[in-house]
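Chemist: Got data.cif for you, mmCIF, C-alpha atoms:
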```
data_upload
#
loop_
_atom_site.label_atom_id
_atom_site.label_comp_id
_atom_site.auth_asym_id
_atom_site.auth_seq_id
_atom_site.Cartn_x
_atom_site.Cartn_y
_atom_site.Cartn_z
CA MET A 1 181.68 93.31 96.97
CA VAL A 2 180.81 91.83 100.35
CA GLY A 3 177.91 89.55 101.27
CA TYR A 4 176.04 92.32 103.06
CA SER A 5 176.25 94.94 100.29
CA ASP A 6 172.48 95.09 99.81
CA ASP A 7 171.85 95.36 103.57
CA LYS A 8 174.56 97.85 104.40
CA ALA A 9 172.22 100.70 105.36
CA ALA A 10 170.03 98.41 107.48
CA ILE A 11 173.05 96.93 109.28
CA GLN A 12 174.50 100.39 109.96
CA ALA A 13 171.14 101.52 111.34
CA ARG A 14 171.03 98.48 113.66
CA LEU A 15 174.60 99.09 114.85
CA ARG A 16 173.88 102.76 115.55
CA ARG A 17 170.90 101.64 117.60
CA VAL A 18 173.15 99.27 119.58
CA GLU A 19 175.62 102.14 120.08
CA GLY A 20 172.72 104.19 121.45
CA GLN A 21 171.78 101.32 123.78
CA VAL A 22 175.34 101.15 125.12
CA ARG A 23 175.43 104.92 125.68
CA GLY A 24 172.09 104.54 127.43
CA LEU A 25 173.73 101.97 129.71
CA GLU A 26 176.54 104.41 130.57
CA ARG A 27 173.89 107.00 131.44
CA MET A 28 172.03 104.50 133.64
CA ILE A 29 175.23 103.73 135.56
CA ASP A 30 175.94 107.47 135.90
CA GLU A 31 172.49 107.95 137.40
CA ASP A 32 172.76 104.97 139.75
CA ALA A 33 169.99 102.99 138.06
CA TYR A 34 168.84 99.82 139.80
CA CYS A 35 171.11 96.84 138.96
CA ILE A 36 168.27 94.71 137.61
CA ASP A 37 167.14 97.46 135.22
CA VAL A 38 170.70 97.77 133.90
CA LEU A 39 170.84 93.97 133.44
CA THR A 40 167.59 94.04 131.48
CA GLN A 41 169.03 96.65 129.12
CA ILE A 42 172.27 94.67 128.73
CA ALA A 43 170.23 91.60 127.71
CA ALA A 44 168.40 93.76 125.14
CA ALA A 45 171.67 95.14 123.71
CA THR A 46 173.12 91.63 123.56
CA ARG A 47 170.11 90.36 121.61
CA ALA A 48 170.34 93.33 119.25
CA LEU A 49 174.03 92.55 118.58
CA GLN A 50 173.17 88.90 117.94
CA GLY A 51 170.48 90.06 115.55
CA VAL A 52 173.11 91.92 113.52
CA ALA A 53 175.30 88.81 113.57
CA LEU A 54 172.46 86.62 112.30
CA GLN A 55 171.71 89.05 109.47
CA LEU A 56 175.38 89.12 108.46
CA LEU A 57 175.53 85.33 108.62
CA ASP A 58 172.46 84.99 106.42
CA ASP A 59 174.04 87.36 103.89
CA HIS A 60 177.36 85.54 104.13
CA LEU A 61 175.83 82.11 103.49
CA GLY A 62 173.61 83.45 100.71
CA HIS A 63 176.40 85.28 98.90
CA CYS A 64 180.04 84.55 99.83
CA VAL A 65 179.59 80.86 100.73
CA SER A 66 177.11 80.27 97.90
CA ALA A 67 179.54 81.82 95.39
CA ALA A 68 182.36 79.60 96.66
CA ILE A 69 180.13 76.53 96.34
CA VAL A 70 179.04 77.42 92.81
CA GLY A 71 182.64 78.22 91.87
CA GLY A 72 183.70 74.89 93.37
CA ASP A 73 186.73 76.66 94.70
CA GLU A 74 187.41 76.71 98.44
CA ALA A 75 183.81 75.59 99.08
CA ALA A 76 184.77 73.21 101.90
CA GLU A 77 187.00 75.84 103.48
CA LYS A 78 184.27 78.50 103.31
CA VAL A 79 181.79 76.16 105.02
CA ARG A 80 184.33 75.33 107.74
CA GLU A 81 185.03 79.02 108.26
CA ALA A 82 181.31 79.78 108.55
CA THR A 83 180.81 76.95 111.07
CA ALA A 84 183.69 78.29 113.15
CA ALA A 85 182.04 81.74 113.17
CA ILE A 86 178.71 80.18 114.19
CA ARG A 87 180.51 78.33 116.99
CA ARG A 88 181.85 81.64 118.34
CA LEU A 89 178.34 83.12 118.24
CA VAL A 90 176.70 80.14 119.96
CA ARG A 91 179.40 80.13 122.62
CA SER A 92 179.44 83.90 123.18
CA MET B 1 170.90 60.39 102.20
CA VAL B 2 171.24 63.01 104.93
CA GLY B 3 174.00 65.56 105.42
CA TYR B 4 175.44 63.69 108.39
CA SER B 5 175.64 60.25 106.76
CA ASP B 6 179.43 60.06 107.05
CA ASP B 7 179.40 61.19 110.69
CA LYS B 8 176.48 59.08 111.88
CA ALA B 9 178.53 56.85 114.20
CA ALA B 10 180.39 59.82 115.69
CA ILE B 11 177.17 61.75 116.29
CA GLN B 12 175.50 58.74 117.90
CA ALA B 13 178.53 58.28 120.16
CA ARG B 14 178.33 61.94 121.19
CA LEU B 15 174.58 61.70 121.89
CA ARG B 16 175.06 58.56 123.98
CA ARG B 17 177.68 60.45 125.97
CA VAL B 18 175.19 63.29 126.54
CA GLU B 19 172.58 60.71 127.60
CA GLY B 20 175.12 59.38 130.11
CA GLN B 21 175.75 62.92 131.37
CA VAL B 22 172.00 63.47 131.91
CA ARG B 23 171.69 60.15 133.76
CA GLY B 24 174.70 61.24 135.83
CA LEU B 25 172.78 64.40 136.68
CA GLU B 26 169.77 62.36 137.87
CA ARG B 27 172.15 60.34 140.07
CA MET B 28 173.67 63.52 141.50
CA ILE B 29 170.22 64.85 142.44
CA ASP B 30 169.34 61.46 143.97
CA GLU B 31 172.46 61.64 146.11
CA ASP B 32 171.87 65.28 147.14
CA ALA B 33 174.97 66.59 145.37
CA TYR B 34 175.92 70.21 146.01
CA CYS B 35 173.92 72.63 143.78
CA ILE B 36 177.03 74.22 142.27
CA ASP B 37 178.45 70.81 141.27
CA VAL B 38 175.17 69.95 139.54
CA LEU B 39 175.23 73.31 137.73
CA THR B 40 178.78 72.65 136.52
CA GLN B 41 177.68 69.31 135.05
CA ILE B 42 174.63 70.91 133.41
CA ALA B 43 176.90 73.46 131.74
CA ALA B 44 179.08 70.58 130.48
CA ALA B 45 176.08 68.66 129.09
CA THR B 46 174.78 71.84 127.43
CA ARG B 47 178.13 72.42 125.73
CA ALA B 48 178.20 68.78 124.60
CA LEU B 49 174.73 69.15 123.05
CA GLN B 50 175.81 72.35 121.30
CA GLY B 51 178.84 70.48 120.00
CA VAL B 52 176.54 67.94 118.34
CA ALA B 53 174.47 70.78 116.89
CA LEU B 54 177.57 72.45 115.43
CA GLN B 55 178.73 69.19 113.84
CA LEU B 56 175.28 68.65 112.30
CA LEU B 57 175.24 72.23 111.07
CA ASP B 58 178.66 71.85 109.47
CA ASP B 59 177.45 68.68 107.72
CA HIS B 60 174.21 70.36 106.71
CA LEU B 61 175.94 73.37 105.16
CA GLY B 62 178.57 71.18 103.49
CA HIS B 63 176.07 68.76 101.98
CA CYS B 64 172.36 69.66 101.92
CA VAL B 65 172.78 73.43 101.53
CA SER B 66 175.72 73.01 99.13
CA ALA B 67 173.73 70.60 96.98
CA ALA B 68 170.79 73.04 96.85
CA ILE B 69 173.14 75.85 95.84
CA VAL B 70 174.81 73.79 93.12
CA GLY B 71 171.40 72.58 91.91
CA GLY B 72 170.21 76.19 91.91
CA ASP B 73 166.91 74.95 93.21
CA GLU B 74 165.62 76.20 96.53
CA ALA B 75 169.07 77.61 97.35
CA ALA B 76 167.72 80.80 98.90
CA GLU B 77 165.15 78.86 100.90
CA LYS B 78 167.78 76.40 102.19
CA VAL B 79 170.00 79.27 103.34
CA ARG B 80 167.06 80.96 105.10
CA GLU B 81 166.16 77.67 106.78
CA ALA B 82 169.76 77.20 107.97
CA THR B 83 169.90 80.75 109.34
CA ALA B 84 166.65 80.16 111.24
CA ALA B 85 168.15 77.00 112.78
CA ILE B 86 171.30 78.95 113.74
CA ARG B 87 169.08 81.63 115.31
CA ARG B 88 167.41 78.98 117.50
CA LEU B 89 170.84 77.69 118.58
CA VAL B 90 172.25 81.14 119.37
CA ARG B 91 169.11 82.02 121.31
CA SER B 92 168.85 78.69 123.18
CA MET C 1 173.35 103.53 147.08
CA VAL C 2 173.38 100.85 144.40
CA GLY C 3 175.08 97.47 144.46
CA TYR C 4 177.77 98.56 142.01
CA SER C 5 178.77 101.78 143.79
CA ASP C 6 182.33 100.59 144.44
CA ASP C 7 182.78 99.38 140.85
CA LYS C 8 181.20 102.35 139.09
CA ALA C 9 184.39 103.59 137.44
CA ALA C 10 185.37 100.08 136.31
CA ILE C 11 181.91 99.41 134.86
CA GLN C 12 181.87 102.76 133.04
CA ALA C 13 185.30 101.99 131.59
CA ARG C 14 184.07 98.60 130.37
CA LEU C 15 180.95 100.13 128.81
CA ARG C 16 183.00 102.80 127.03
CA ARG C 17 185.17 100.01 125.66
CA VAL C 18 182.04 98.22 124.38
CA GLU C 19 180.86 101.51 122.84
CA GLY C 20 184.23 101.72 121.08
CA GLN C 21 183.82 98.13 119.84
CA VAL C 22 180.40 98.94 118.39
CA ARG C 23 181.75 102.07 116.67
CA GLY C 24 184.56 99.88 115.34
CA LEU C 25 181.90 97.58 113.91
CA GLU C 26 180.21 100.51 112.13
CA ARG C 27 183.61 101.44 110.65
CA MET C 28 184.18 97.85 109.49
CA ILE C 29 180.81 97.82 107.70
CA ASP C 30 181.60 101.23 106.15
CA GLU C 31 184.87 99.85 104.81
CA ASP C 32 183.28 96.62 103.51
CA ALA C 33 185.19 94.36 105.92
CA TYR C 34 184.91 90.62 105.36
CA CYS C 35 181.71 89.19 106.93
CA ILE C 36 183.57 86.66 109.07
CA ASP C 37 185.83 89.36 110.54
CA VAL C 38 182.77 91.43 111.46
CA LEU C 39 181.19 88.36 113.08
CA THR C 40 184.34 87.76 115.14
CA GLN C 41 184.19 91.33 116.45
CA ILE C 42 180.47 91.00 117.23
CA ALA C 43 181.20 87.88 119.29
CA ALA C 44 183.89 89.84 121.16
CA ALA C 45 181.54 92.77 121.87
CA THR C 46 178.83 90.34 123.03
CA ARG C 47 181.23 88.70 125.46
CA ALA C 48 182.34 92.11 126.74
CA LEU C 49 178.70 93.08 127.39
CA GLN C 50 178.10 89.78 129.19
CA GLY C 51 181.20 90.49 131.27
CA VAL C 52 179.63 93.77 132.43
CA ALA C 53 176.40 91.92 133.22
CA LEU C 54 178.24 89.33 135.30
CA GLN C 55 180.07 92.02 137.27
CA LEU C 56 176.78 93.83 137.96
CA LEU C 57 175.17 90.56 138.98
CA ASP C 58 178.00 89.77 141.38
CA ASP C 59 177.63 93.23 142.92
CA HIS C 60 173.85 92.87 143.04
CA LEU C 61 173.97 89.51 144.83
CA GLY C 62 176.73 90.68 147.16
CA HIS C 63 174.98 93.92 148.13
CA CYS C 64 171.29 94.39 147.26
CA VAL C 65 170.22 90.76 147.58
CA SER C 66 172.44 90.18 150.63
CA ALA C 67 170.99 93.26 152.35
CA ALA C 68 167.45 92.03 151.65
CA ILE C 69 168.32 88.61 153.07
CA VAL C 70 169.91 90.07 156.21
CA GLY C 71 166.96 92.46 156.61
CA GLY C 72 164.58 89.51 156.15
CA ASP C 73 162.39 91.79 154.14
CA GLU C 74 161.57 90.95 150.54
CA ALA C 75 164.37 88.38 150.55
CA ALA C 76 162.39 85.80 148.55
CA GLU C 77 161.25 88.45 146.08
CA LYS C 78 164.80 89.74 145.59
CA VAL C 79 166.06 86.22 144.87
CA ARG C 80 163.24 85.62 142.38
CA GLU C 81 163.99 88.93 140.70
CA ALA C 82 167.68 88.04 140.43
CA THR C 83 166.88 84.61 138.97
CA ALA C 84 164.61 86.23 136.38
CA ALA C 85 167.47 88.56 135.39
CA ILE C 86 169.85 85.59 135.11
CA ARG C 87 167.27 83.81 132.94
CA ARG C 88 167.24 86.78 130.53
CA LEU C 89 171.05 86.71 130.38
CA VAL C 90 171.29 82.95 129.80
CA ARG C 91 168.60 83.16 127.11
CA SER C 92 170.01 86.25 125.39
CA MET D 1 170.02 69.24 153.24
CA VAL D 2 170.59 70.77 149.83
CA GLY D 3 169.03 73.88 148.35
CA TYR D 4 166.78 71.90 146.01
CA SER D 5 165.35 69.50 148.65
CA ASP D 6 161.79 70.74 148.19
CA ASP D 7 162.01 70.55 144.39
CA LYS D 8 163.78 67.21 144.11
CA ALA D 9 160.87 65.35 142.50
CA ALA D 10 160.23 68.18 140.02
CA ILE D 11 163.91 68.39 139.07
CA GLN D 12 164.15 64.62 138.61
CA ALA D 13 161.03 64.70 136.40
CA ARG D 14 162.58 67.47 134.27
CA LEU D 15 165.88 65.57 133.95
CA ARG D 16 164.08 62.39 132.92
CA ARG D 17 162.28 64.41 130.26
CA VAL D 18 165.64 65.72 129.00
CA GLU D 19 166.95 62.12 128.99
CA GLY D 20 163.93 61.18 126.86
CA GLN D 21 164.67 64.08 124.51
CA VAL D 22 168.28 62.92 124.07
CA ARG D 23 167.14 59.35 123.38
CA GLY D 24 164.67 60.82 120.89
CA LEU D 25 167.62 62.53 119.21
CA GLU D 26 169.48 59.21 118.93
CA ARG D 27 166.38 57.70 117.31
CA MET D 28 166.13 60.60 114.87
CA ILE D 29 169.76 60.10 113.80
CA ASP D 30 169.13 56.33 113.47
CA GLU D 31 166.20 57.03 111.17
CA ASP D 32 168.10 59.62 109.10
CA ALA D 33 165.90 62.52 110.16
CA TYR D 34 166.40 65.81 108.34
CA CYS D 35 169.31 67.83 109.83
CA ILE D 36 167.18 70.90 110.55
CA ASP D 37 164.61 68.83 112.48
CA VAL D 38 167.40 67.34 114.60
CA LEU D 39 168.78 70.84 115.26
CA THR D 40 165.34 72.04 116.37
CA GLN D 41 165.13 69.19 118.88
CA ILE D 42 168.68 69.90 120.13
CA ALA D 43 167.70 73.53 120.75
CA ALA D 44 164.66 72.29 122.72
CA ALA D 45 166.76 69.90 124.83
CA THR D 46 169.31 72.66 125.49
CA ARG D 47 166.57 75.01 126.69
CA ALA D 48 165.15 72.26 128.91
CA LEU D 49 168.60 71.71 130.48
CA GLN D 50 168.98 75.45 131.06
CA GLY D 51 165.55 75.43 132.68
CA VAL D 52 166.77 72.85 135.20
CA ALA D 53 169.88 74.96 135.82
CA LEU D 54 167.79 78.08 136.47
CA GLN D 55 165.56 76.21 138.92
CA LEU D 56 168.61 74.88 140.78
CA LEU D 57 170.14 78.36 140.83
CA ASP D 58 166.96 79.87 142.24
CA ASP D 59 166.94 77.20 144.97
CA HIS D 60 170.64 77.70 145.61
CA LEU D 61 170.33 81.48 146.01
CA GLY D 62 167.18 81.14 148.11
CA HIS D 63 168.62 78.54 150.47
CA CYS D 64 172.38 77.87 150.48
CA VAL D 65 173.51 81.42 149.65
CA SER D 66 170.80 82.98 151.84
CA ALA D 67 171.85 80.78 154.78
CA ALA D 68 175.49 81.78 154.32
CA ILE D 69 174.51 85.46 154.23
CA VAL D 70 172.35 85.17 157.35
CA GLY D 71 175.09 83.19 159.09
CA GLY D 72 177.60 85.85 158.05
CA ASP D 73 180.02 83.06 157.40
CA GLU D 74 181.51 82.59 153.94
CA ALA D 75 178.83 84.90 152.52
CA ALA D 76 181.21 86.65 150.13
CA GLU D 77 182.66 83.33 149.00
CA LYS D 78 179.20 81.84 148.39
CA VAL D 79 178.22 84.82 146.25
CA ARG D 80 181.44 84.59 144.24
CA GLU D 81 180.89 80.85 143.75
CA ALA D 82 177.33 81.47 142.53
CA THR D 83 178.49 84.17 140.12
CA ALA D 84 181.11 81.79 138.72
CA ALA D 85 178.39 79.17 138.15
CA ILE D 86 176.20 81.77 136.42
CA ARG D 87 179.16 82.72 134.23
CA ARG D 88 179.51 79.09 133.10
CA LEU D 89 175.78 78.98 132.27
CA VAL D 90 175.79 82.26 130.35
CA ARG D 91 178.88 81.17 128.42
CA SER D 92 177.69 77.62 127.71
#
```
Using structure tokens, write down the structure that the file contains.
Modeler:
Amino acid sequence: MVGYSDDKAAIQARLRRVEGQVRGLERMIDEDAYCIDVLTQIAAATRALQGVALQLLDDHLGHCVSAAIVGGDEAAEKVREATAAIRRLVRS
Amino acid sequence: MVGYSDDKAAIQARLRRVEGQVRGLERMIDEDAYCIDVLTQIAAATRALQGVALQLLDDHLGHCVSAAIVGGDEAAEKVREATAAIRRLVRS
Amino acid sequence: MVGYSDDKAAIQARLRRVEGQVRGLERMIDEDAYCIDVLTQIAAATRALQGVALQLLDDHLGHCVSAAIVGGDEAAEKVREATAAIRRLVRS
Amino acid sequence: MVGYSDDKAAIQARLRRVEGQVRGLERMIDEDAYCIDVLTQIAAATRALQGVALQLLDDHLGHCVSAAIVGGDEAAEKVREATAAIRRLVRS
């Protein structure tokens, strides 16, 4: 069991959409699309990826971290690990 | 009691440092500093602010959210609230 | 002619790598990978996408915007358009 | 002469507002404000700082970089320098 078990189909659908956006970017480059239009699509793909990350994080806090806190075991370590992951997201 | 009670002095010290960085920026503009040098200092101040946010978030998850999870009360709401705050940080 | 003409192959290679990263993410979800590991890979894919954006932006400033400035025509508009694109990147 | 000469008063006003926001943050910590409310204000201050950066960047591209491009001298270096500054903003 992982934190995102209940959202697996939704997350896969979002990732496939991002994959489609990236393939769309390759097509734009192929067809010499205007730089600014490519940049706009990159910003959209980036936001979509961050959206997936935020959904996973919500699931992770609500399940994995919550379970560790209730269990008392490794709670502090789980919180630290989550904060480190958030740091990578904020900084990416 | 707030989540950051134990780190209050450290957080205040970090915020005062950010305040000093912003005043340094005002001085740079006053003295007609080169645009790129100002931008470098803005990036540094932004990272410092995010550092404070990440410390607060770590404290919040480790105390407020943990307490809600252990108490069983409002746990789901606390996690949703934390995720919304993380979303604002990632998107800012 | 677009600003990234000389870098087309390099940009396509980078985008195909991002596409591979996103497919890797779908595989991780399929195989119930640990949330934090998925988040780490999302941060990596996000940075890779931003890397493509920064290369395109460098090309755009060095070619399209530079040409507009030399031509005198639409220079101010091109700069405003570039700043708006940068704003979307910084905020995404 | 710097790129932001015409906007100096506006930039100073924005920086003073950010300074006020940071002092407001110190006050919130002093008064044990709720973590999430502090995080919301940090996100606002971060966005305000990025707003100053984007205004400076617009001025820099429209004046310093444009002048280098027209002059033909150091144009490529100025564009590279601007891209590096944008990279620091996107990554911060």
Chemist: Just to confirm, what's the straight-line distance from atom CA of D:Asp58 to atom CA of A:Asp32 in Å (one decimal)?
Modeler: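 Pair atom CA of D:Asp58 / atom CA of A:Asp32 returns 25.9 Å.
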Chemist: Would you translate the PyMOL selection byres ((chain C) within 9 of (chain A)) into the concrete set of residues it matches in this file, as number ranges by chain?
Modeler: C: 1-5, 8, 11-12, 15-16, 18-20, 22-23, 25-26, 29-30, 32-40, 42-47, 49-50, 52-54, 56-57, 59-60, 64, 81-82, 85-86, 88-92
Chemist: Please measure the separation of atom CA of C:Glu77 and atom CA of C:Val65, giving the value in Å to one decimal.
Modeler: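 Separating atom CA of C:Glu77 from atom CA of C:Val65 is a distance of 9.4 Å.
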Chemist: To one decimal place, how far is atom CA of C:Ala67 from atom CA of D:Ala76 in Å?
Modeler: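 Separation of atom CA of C:Ala67 and atom CA of D:Ala76: 12.4 Å.
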Chemist: Generate the coordinates of all heavy atoms for stretch 4-15 of chain D; report them as a PDB file, in the coordinates of the input.
Modeler:
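Saved to out.pdb:
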```pdb
ATOM      1  N   TYR D   4     167.902  72.327 146.853  1.00  0.00           N
ATOM      2  CA  TYR D   4     166.780  71.900 146.010  1.00  0.00           C
ATOM      3  C   TYR D   4     165.940  70.789 146.656  1.00  0.00           C
ATOM      4  O   TYR D   4     165.160  70.123 145.950  1.00  0.00           O
ATOM      5  CB  TYR D   4     167.302  71.441 144.639  1.00  0.00           C
ATOM      6  CG  TYR D   4     168.401  70.398 144.697  1.00  0.00           C
ATOM      7  CD1 TYR D   4     168.121  69.049 144.838  1.00  0.00           C
ATOM      8  CD2 TYR D   4     169.737  70.771 144.607  1.00  0.00           C
ATOM      9  CE1 TYR D   4     169.117  68.105 144.891  1.00  0.00           C
ATOM     10  CE2 TYR D   4     170.753  69.837 144.663  1.00  0.00           C
ATOM     11  CZ  TYR D   4     170.439  68.504 144.798  1.00  0.00           C
ATOM     12  OH  TYR D   4     171.441  67.577 144.854  1.00  0.00           O
ATOM     13  N   SER D   5     166.069  70.590 147.965  1.00  0.00           N
ATOM     14  CA  SER D   5     165.350  69.500 148.650  1.00  0.00           C
ATOM     15  C   SER D   5     163.860  69.491 148.337  1.00  0.00           C
ATOM     16  O   SER D   5     163.281  68.448 148.046  1.00  0.00           O
ATOM     17  CB  SER D   5     165.547  69.617 150.172  1.00  0.00           C
ATOM     18  OG  SER D   5     166.876  69.310 150.498  1.00  0.00           O
ATOM     19  N   ASP D   6     163.241  70.667 148.405  1.00  0.00           N
ATOM     20  CA  ASP D   6     161.790  70.740 148.190  1.00  0.00           C
ATOM     21  C   ASP D   6     161.390  70.486 146.735  1.00  0.00           C
ATOM     22  O   ASP D   6     160.239  70.165 146.449  1.00  0.00           O
ATOM     23  CB  ASP D   6     161.262  72.124 148.596  1.00  0.00           C
ATOM     24  CG  ASP D   6     161.334  72.322 150.105  1.00  0.00           C
ATOM     25  OD1 ASP D   6     161.567  71.324 150.818  1.00  0.00           O
ATOM     26  OD2 ASP D   6     161.180  73.474 150.561  1.00  0.00           O
ATOM     27  N   ASP D   7     162.329  70.674 145.816  1.00  0.00           N
ATOM     28  CA  ASP D   7     162.010  70.550 144.390  1.00  0.00           C
ATOM     29  C   ASP D   7     162.584  69.286 143.778  1.00  0.00           C
ATOM     30  O   ASP D   7     162.600  69.139 142.547  1.00  0.00           O
ATOM     31  CB  ASP D   7     162.600  71.760 143.621  1.00  0.00           C
ATOM     32  CG  ASP D   7     161.909  73.045 144.004  1.00  0.00           C
ATOM     33  OD1 ASP D   7     160.702  72.989 144.281  1.00  0.00           O
ATOM     34  OD2 ASP D   7     162.570  74.102 144.015  1.00  0.00           O
ATOM     35  N   LYS D   8     163.061  68.387 144.616  1.00  0.00           N
ATOM     36  CA  LYS D   8     163.780  67.210 144.110  1.00  0.00           C
ATOM     37  C   LYS D   8     162.963  66.424 143.090  1.00  0.00           C
ATOM     38  O   LYS D   8     163.463  66.066 142.020  1.00  0.00           O
ATOM     39  CB  LYS D   8     164.145  66.317 145.302  1.00  0.00           C
ATOM     40  CG  LYS D   8     165.485  65.663 145.150  1.00  0.00           C
ATOM     41  CD  LYS D   8     165.981  65.098 146.460  1.00  0.00           C
ATOM     42  CE  LYS D   8     166.814  63.874 146.174  1.00  0.00           C
ATOM     43  NZ  LYS D   8     167.562  63.439 147.370  1.00  0.00           N
ATOM     44  N   ALA D   9     161.701  66.147 143.405  1.00  0.00           N
ATOM     45  CA  ALA D   9     160.870  65.350 142.500  1.00  0.00           C
ATOM     46  C   ALA D   9     160.684  66.084 141.168  1.00  0.00           C
ATOM     47  O   ALA D   9     160.785  65.484 140.090  1.00  0.00           O
ATOM     48  CB  ALA D   9     159.511  65.054 143.144  1.00  0.00           C
ATOM     49  N   ALA D  10     160.439  67.395 141.245  1.00  0.00           N
ATOM     50  CA  ALA D  10     160.230  68.180 140.020  1.00  0.00           C
ATOM     51  C   ALA D  10     161.497  68.199 139.171  1.00  0.00           C
ATOM     52  O   ALA D  10     161.443  68.069 137.942  1.00  0.00           O
ATOM     53  CB  ALA D  10     159.807  69.605 140.385  1.00  0.00           C
ATOM     54  N   ILE D  11     162.648  68.349 139.823  1.00  0.00           N
ATOM     55  CA  ILE D  11     163.910  68.390 139.070  1.00  0.00           C
ATOM     56  C   ILE D  11     164.186  67.035 138.428  1.00  0.00           C
ATOM     57  O   ILE D  11     164.604  66.963 137.266  1.00  0.00           O
ATOM     58  CB  ILE D  11     165.071  68.843 139.992  1.00  0.00           C
ATOM     59  CG1 ILE D  11     164.894  70.336 140.324  1.00  0.00           C
ATOM     60  CG2 ILE D  11     166.425  68.588 139.352  1.00  0.00           C
ATOM     61  CD1 ILE D  11     165.826  70.853 141.388  1.00  0.00           C
ATOM     62  N   GLN D  12     163.952  65.960 139.182  1.00  0.00           N
ATOM     63  CA  GLN D  12     164.150  64.620 138.610  1.00  0.00           C
ATOM     64  C   GLN D  12     163.226  64.418 137.398  1.00  0.00           C
ATOM     65  O   GLN D  12     163.643  63.859 136.384  1.00  0.00           O
ATOM     66  CB  GLN D  12     163.871  63.530 139.653  1.00  0.00           C
ATOM     67  CG  GLN D  12     164.954  63.392 140.728  1.00  0.00           C
ATOM     68  CD  GLN D  12     166.254  62.791 140.191  1.00  0.00           C
ATOM     69  OE1 GLN D  12     166.612  62.989 139.026  1.00  0.00           O
ATOM     70  NE2 GLN D  12     166.981  62.094 141.044  1.00  0.00           N
ATOM     71  N   ALA D  13     161.977  64.866 137.515  1.00  0.00           N
ATOM     72  CA  ALA D  13     161.030  64.700 136.400  1.00  0.00           C
ATOM     73  C   ALA D  13     161.542  65.462 135.174  1.00  0.00           C
ATOM     74  O   ALA D  13     161.471  64.956 134.043  1.00  0.00           O
ATOM     75  CB  ALA D  13     159.644  65.201 136.812  1.00  0.00           C
ATOM     76  N   ARG D  14     162.072  66.681 135.392  1.00  0.00           N
ATOM     77  CA  ARG D  14     162.580  67.470 134.270  1.00  0.00           C
ATOM     78  C   ARG D  14     163.799  66.801 133.643  1.00  0.00           C
ATOM     79  O   ARG D  14     163.943  66.769 132.418  1.00  0.00           O
ATOM     80  CB  ARG D  14     162.987  68.864 134.761  1.00  0.00           C
ATOM     81  CG  ARG D  14     161.796  69.703 135.171  1.00  0.00           C
ATOM     82  CD  ARG D  14     162.211  71.045 135.716  1.00  0.00           C
ATOM     83  NE  ARG D  14     162.304  72.029 134.644  1.00  0.00           N
ATOM     84  CZ  ARG D  14     162.206  73.333 134.825  1.00  0.00           C
ATOM     85  NH1 ARG D  14     162.060  73.835 136.023  1.00  0.00           N
ATOM     86  NH2 ARG D  14     162.287  74.163 133.806  1.00  0.00           N
ATOM     87  N   LEU D  15     164.677  66.232 134.488  1.00  0.00           N
ATOM     88  CA  LEU D  15     165.880  65.570 133.950  1.00  0.00           C
ATOM     89  C   LEU D  15     165.501  64.323 133.160  1.00  0.00           C
ATOM     90  O   LEU D  15     166.101  64.022 132.124  1.00  0.00           O
ATOM     91  CB  LEU D  15     166.859  65.233 135.072  1.00  0.00           C
ATOM     92  CG  LEU D  15     167.664  66.421 135.611  1.00  0.00           C
ATOM     93  CD1 LEU D  15     168.469  65.998 136.842  1.00  0.00           C
ATOM     94  CD2 LEU D  15     168.610  66.967 134.523  1.00  0.00           C
TER      95      LEU D  15
END
```
